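Chemist: You'll find my_file06.pdb just under this line, and it carries PDB, C-alpha atoms.
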ATOM      1  CA  MET A   1       0.000   0.000   0.000  1.00  0.00           C
ATOM      2  CA  PRO A   2       1.532   3.344  -1.015  1.00  0.00           C
ATOM      3  CA  TYR A   3       2.218   6.149   1.413  1.00  0.00           C
ATOM      4  CA  LYS A   4      -0.674   8.630   1.611  1.00  0.00           C
ATOM      5  CA  ARG A   5       0.246  11.107   4.345  1.00  0.00           C
ATOM      6  CA  PHE A   6       2.179  13.771   2.479  1.00  0.00           C
ATOM      7  CA  VAL A   7       3.220  17.142   3.842  1.00  0.00           C
ATOM      8  CA  GLU A   8       0.986  19.486   1.867  1.00  0.00           C
ATOM      9  CA  VAL A   9      -1.151  22.575   2.272  1.00  0.00           C
ATOM     10  CA  GLY A  10      -4.451  21.581   3.867  1.00  0.00           C
ATOM     11  CA  ARG A  11      -3.128  18.493   5.662  1.00  0.00           C
ATOM     12  CA  VAL A  12      -4.505  18.194   9.185  1.00  0.00           C
ATOM     13  CA  VAL A  13      -1.807  17.448  11.759  1.00  0.00           C
ATOM     14  CA  LEU A  14      -1.781  16.525  15.424  1.00  0.00           C
ATOM     15  CA  VAL A  15       0.617  18.591  17.517  1.00  0.00           C
ATOM     16  CA  ASN A  16       2.554  16.129  19.663  1.00  0.00           C
ATOM     17  CA  TYR A  17       4.801  18.408  21.731  1.00  0.00           C
ATOM     18  CA  GLY A  18       4.645  21.766  23.469  1.00  0.00           C
ATOM     19  CA  PRO A  19       1.826  23.828  24.935  1.00  0.00           C
ATOM     20  CA  ASP A  20      -0.551  22.897  22.095  1.00  0.00           C
ATOM     21  CA  SER A  21       0.115  19.179  22.446  1.00  0.00           C
ATOM     22  CA  GLY A  22      -2.874  17.014  21.547  1.00  0.00           C
ATOM     23  CA  LYS A  23      -4.590  19.658  19.389  1.00  0.00           C
ATOM     24  CA  LEU A  24      -5.347  19.481  15.688  1.00  0.00           C
ATOM     25  CA  ALA A  25      -3.900  22.069  13.294  1.00  0.00           C
ATOM     26  CA  VAL A  26      -3.840  22.626   9.527  1.00  0.00           C
ATOM     27  CA  ILE A  27      -0.708  23.121   7.438  1.00  0.00           C
ATOM     28  CA  ILE A  28      -1.207  26.369   5.553  1.00  0.00           C
ATOM     29  CA  ASP A  29       2.291  26.753   4.088  1.00  0.00           C
ATOM     30  CA  VAL A  30       5.524  24.741   3.948  1.00  0.00           C
ATOM     31  CA  LEU A  31       8.418  27.021   4.897  1.00  0.00           C
ATOM     32  CA  ASP A  32      11.368  24.667   4.357  1.00  0.00           C
ATOM     33  CA  GLN A  33      12.245  21.013   4.797  1.00  0.00           C
ATOM     34  CA  ASN A  34      11.985  21.268   8.584  1.00  0.00           C
ATOM     35  CA  ARG A  35       9.137  23.700   9.302  1.00  0.00           C
ATOM     36  CA  ALA A  36       5.594  24.521   8.301  1.00  0.00           C
ATOM     37  CA  LEU A  37       3.191  27.327   9.026  1.00  0.00           C
ATOM     38  CA  VAL A  38       0.153  25.962  10.855  1.00  0.00           C
ATOM     39  CA  GLU A  39      -3.058  27.395  12.239  1.00  0.00           C
ATOM     40  CA  CYS A  40      -6.449  26.257  13.439  1.00  0.00           C
ATOM     41  CA  PRO A  41      -8.794  28.742  15.086  1.00  0.00           C
ATOM     42  CA  ASN A  42     -11.281  25.932  15.811  1.00  0.00           C
ATOM     43  CA  THR A  43      -8.875  24.222  18.221  1.00  0.00           C
ATOM     44  CA  GLY A  44      -7.197  27.382  19.491  1.00  0.00           C
ATOM     45  CA  ILE A  45      -3.884  27.151  17.658  1.00  0.00           C
ATOM     46  CA  ILE A  46      -2.743  30.552  16.452  1.00  0.00           C
ATOM     47  CA  ARG A  47      -0.779  30.990  13.229  1.00  0.00           C
ATOM     48  CA  GLN A  48       2.774  29.871  13.985  1.00  0.00           C
ATOM     49  CA  GLN A  49       5.805  28.059  12.644  1.00  0.00           C
ATOM     50  CA  LEU A  50       6.053  24.486  13.792  1.00  0.00           C
ATOM     51  CA  PRO A  51       8.823  21.982  13.101  1.00  0.00           C
ATOM     52  CA  PHE A  52       7.736  18.735  11.492  1.00  0.00           C
ATOM     53  CA  ARG A  53       9.142  16.747  14.401  1.00  0.00           C
ATOM     54  CA  ARG A  54       6.507  18.359  16.654  1.00  0.00           C
ATOM     55  CA  MET A  55       3.564  17.284  14.511  1.00  0.00           C
ATOM     56  CA  ALA A  56       2.109  14.003  13.339  1.00  0.00           C
ATOM     57  CA  LEU A  57       0.403  13.877   9.945  1.00  0.00           C
ATOM     58  CA  THR A  58      -3.143  12.515   9.842  1.00  0.00           C
ATOM     59  CA  ASP A  59      -5.098  11.042   6.932  1.00  0.00           C
ATOM     60  CA  ILE A  60      -7.444  14.038   6.942  1.00  0.00           C
ATOM     61  CA  LYS A  61      -6.974  16.782   4.348  1.00  0.00           C
ATOM     62  CA  ILE A  62      -9.060  19.869   3.619  1.00  0.00           C
ATOM     63  CA  GLU A  63      -9.106  21.917   0.440  1.00  0.00           C
ATOM     64  CA  ILE A  64      -7.656  25.364   1.115  1.00  0.00           C
ATOM     65  CA  PRO A  65      -5.371  27.675  -0.859  1.00  0.00           C
ATOM     66  CA  ARG A  66      -1.833  28.454   0.267  1.00  0.00           C
ATOM     67  CA  SER A  67      -1.686  30.921   3.214  1.00  0.00           C
ATOM     68  CA  PRO A  68      -5.424  31.614   3.503  1.00  0.00           C
ATOM     69  CA  ARG A  69      -7.075  34.009   5.924  1.00  0.00           C
ATOM     70  CA  THR A  70      -8.121  32.723   9.332  1.00  0.00           C
ATOM     71  CA  GLN A  71     -11.829  32.841   8.457  1.00  0.00           C
ATOM     72  CA  THR A  72     -11.203  30.708   5.356  1.00  0.00           C
ATOM     73  CA  ILE A  73      -9.460  28.050   7.431  1.00  0.00           C
ATOM     74  CA  GLN A  74     -12.216  28.100  10.031  1.00  0.00           C
ATOM     75  CA  LYS A  75     -14.933  27.738   7.382  1.00  0.00           C
ATOM     76  CA  ALA A  76     -13.148  24.897   5.536  1.00  0.00           C
ATOM     77  CA  PHE A  77     -12.408  23.089   8.838  1.00  0.00           C
ATOM     78  CA  THR A  78     -16.082  23.261   9.841  1.00  0.00           C
ATOM     79  CA  GLU A  79     -17.469  22.317   6.400  1.00  0.00           C
ATOM     80  CA  ALA A  80     -15.175  19.279   6.149  1.00  0.00           C
ATOM     81  CA  LYS A  81     -16.314  18.182   9.640  1.00  0.00           C
ATOM     82  CA  VAL A  82     -12.706  17.503  10.594  1.00  0.00           C
ATOM     83  CA  SER A  83     -13.471  17.185  14.307  1.00  0.00           C
ATOM     84  CA  GLU A  84     -16.066  14.460  13.631  1.00  0.00           C
ATOM     85  CA  GLN A  85     -13.712  12.662  11.231  1.00  0.00           C
ATOM     86  CA  TRP A  86     -10.951  12.798  13.846  1.00  0.00           C
ATOM     87  CA  GLU A  87     -13.182  11.439  16.626  1.00  0.00           C
ATOM     88  CA  LYS A  88     -14.009   8.394  14.458  1.00  0.00           C
ATOM     89  CA  THR A  89     -10.365   7.367  14.009  1.00  0.00           C
ATOM     90  CA  SER A  90      -8.820   4.671  16.175  1.00  0.00           C
ATOM     91  CA  TRP A  91      -5.936   7.059  16.886  1.00  0.00           C
ATOM     92  CA  ALA A  92      -8.296   9.530  18.599  1.00  0.00           C
ATOM     93  CA  LYS A  93     -10.053   6.740  20.470  1.00  0.00           C
ATOM     94  CA  LYS A  94      -6.727   5.436  21.821  1.00  0.00           C
ATOM     95  CA  ARG A  95      -5.704   8.944  22.890  1.00  0.00           C
ATOM     96  CA  GLY A  96      -9.067   9.403  24.607  1.00  0.00           C
ATOM     97  CA  SER A  97      -8.796   6.151  26.511  1.00  0.00           C
ATOM     98  CA  ALA A  98      -5.248   7.021  27.586  1.00  0.00           C
ATOM     99  CA  VAL A  99      -6.444  10.378  28.904  1.00  0.00           C
ATOM    100  CA  ARG A 100      -9.328   8.736  30.778  1.00  0.00           C
ATOM    101  CA  ARG A 101      -7.010   6.103  32.223  1.00  0.00           C
ATOM    102  CA  ALA A 102      -4.502   8.727  33.360  1.00  0.00           C
ATOM    103  CA  ALA A 103      -7.289  10.589  35.184  1.00  0.00           C
ATOM    104  CA  LEU A 104      -8.348   7.560  37.252  1.00  0.00           C
ATOM    105  CA  THR A 105      -8.086   7.725  41.003  1.00  0.00           C
ATOM    106  CA  ASP A 106      -6.357   5.045  43.044  1.00  0.00           C
ATOM    107  CA  PHE A 107      -9.645   3.344  43.906  1.00  0.00           C
ATOM    108  CA  GLU A 108     -10.815   3.392  40.274  1.00  0.00           C
ATOM    109  CA  ARG A 109      -7.539   1.758  39.191  1.00  0.00           C
ATOM    110  CA  PHE A 110      -8.122  -0.869  41.885  1.00  0.00           C
ATOM    111  CA  LYS A 111     -11.642  -1.549  40.528  1.00  0.00           C
ATOM    112  CA  VAL A 112     -10.235  -1.920  36.996  1.00  0.00           C
ATOM    113  CA  THR A 113      -7.685  -4.447  38.283  1.00  0.00           C
ATOM    114  CA  ILE A 114     -10.366  -6.471  40.099  1.00  0.00           C
ATOM    115  CA  GLY A 115     -12.591  -6.470  37.006  1.00  0.00           C
ATOM    116  CA  ARG A 116      -9.718  -7.614  34.814  1.00  0.00           C
ATOM    117  CA  LYS A 117      -8.929 -10.464  37.236  1.00  0.00           C
ATOM    118  CA  GLN A 118     -12.577 -11.559  37.324  1.00  0.00           C
ATOM    119  CA  ARG A 119     -12.823 -11.526  33.526  1.00  0.00           C
ATOM    120  CA  SER A 120      -9.606 -13.518  33.229  1.00  0.00           C
ATOM    121  CA  ASN A 121     -10.847 -16.051  35.782  1.00  0.00           C
ATOM    122  CA  ALA A 122     -14.164 -16.511  33.937  1.00  0.00           C
ATOM    123  CA  ILE A 123     -12.366 -17.013  30.616  1.00  0.00           C
ATOM    124  CA  HIS A 124     -10.014 -19.541  32.210  1.00  0.00           C
ATOM    125  CA  LYS A 125     -12.948 -21.536  33.672  1.00  0.00           C
ATOM    126  CA  GLU A 126     -14.740 -21.687  30.310  1.00  0.00           C
ATOM    127  CA  PHE A 127     -11.538 -22.676  28.565  1.00  0.00           C
ATOM    128  CA  THR A 128     -10.929 -25.555  30.976  1.00  0.00           C
ATOM    129  CA  LYS A 129     -14.543 -26.761  30.442  1.00  0.00           C
ATOM    130  CA  LEU A 130     -13.992 -26.826  26.676  1.00  0.00           C
ATOM    131  CA  LYS A 131     -10.657 -28.591  27.099  1.00  0.00           C
ATOM    132  CA  LYS A 132     -12.231 -31.612  28.832  1.00  0.00           C
TER     133      LYS A 132
END
Translate this structure into structure tokens?

Modeler:
Amino acid sequence: MPYKRFVEVGRVVLVNYGPDSGKLAVIIDVLDQNRALVECPNTGIIRQQLPFRRMALTDIKIEIPRSPRTQTIQKAFTEAKVSEQWEKTSWAKKRGSAVRRAALTDFERFKVTIGRKQRSNAIHKEFTKLKK
């Protein structure tokens, strides 16, 4: 299967480092081989230079011209329903579950452990029944 996630104007990226970590942004211009100009008023990212090592390319792409106005980006982002597309991806679901898991209290982690042990025990009992 050929590579599909190219660095291009309109590509939606996930910022993976810094104060905007975990937010979606849109590449609006490629500055050089190491940096791009990104912005996304919908997620609160102001227009800024960002190195490619601080962003992860997604499969989502919107149709915008090079270096558009903020309102153009906002309109295209909303019309393409990027937030809904992102929430459907397994990548977003994994990030969401990691955030939920990190926010658990000590007692909630204990309950998860007990539930996992009970499930494992039930599976083991059924497996031994089938084995006989």

Chemist: Please identify all polymer residues within 8 Å of A:Met55, counting all atoms listed in the file, omitting same-chain residues fewer than 2 positions from it, and present them as an MDAnalysis selection string.

Modeler: chainID A and resid 13:17 50:53 57

Chemist: Could you name the residues that touch A:Glu63 at 10 Å or less, counting all atoms listed in the file, but leaving out those on the same chain fewer than 3 positions away, as a list in words?

Modeler: Val9, Gly10, Arg11, Arg66, Ile73, Ala76, Phe77 and Ala80 of chain A

Chemist: Compare A:Ala56, A:Lys111, A:Lys132, A:Val82 by their minimum atom-to-atom distance to A:Gly22, counting only C-alpha atoms, and give me the closest one.

Modeler: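 Among the listed residues, the smallest separation from A:Gly22 belongs to A:Ala56.
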
Chemist: Would you compute the distance between atom CA of A:Ala25 and atom CA of A:Cys40? Give it in Å to one decimal.

Modeler: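 Atom CA of A:Cys40 lies 4.9 Å from atom CA of A:Ala25.
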
Chemist: What does the distance between atom CA of A:Phe110 and atom CA of A:Lys125 come to in Å, to one decimal place?

Modeler: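 Straight-line distance from atom CA of A:Phe110 to atom CA of A:Lys125 works out to 22.8 Å.
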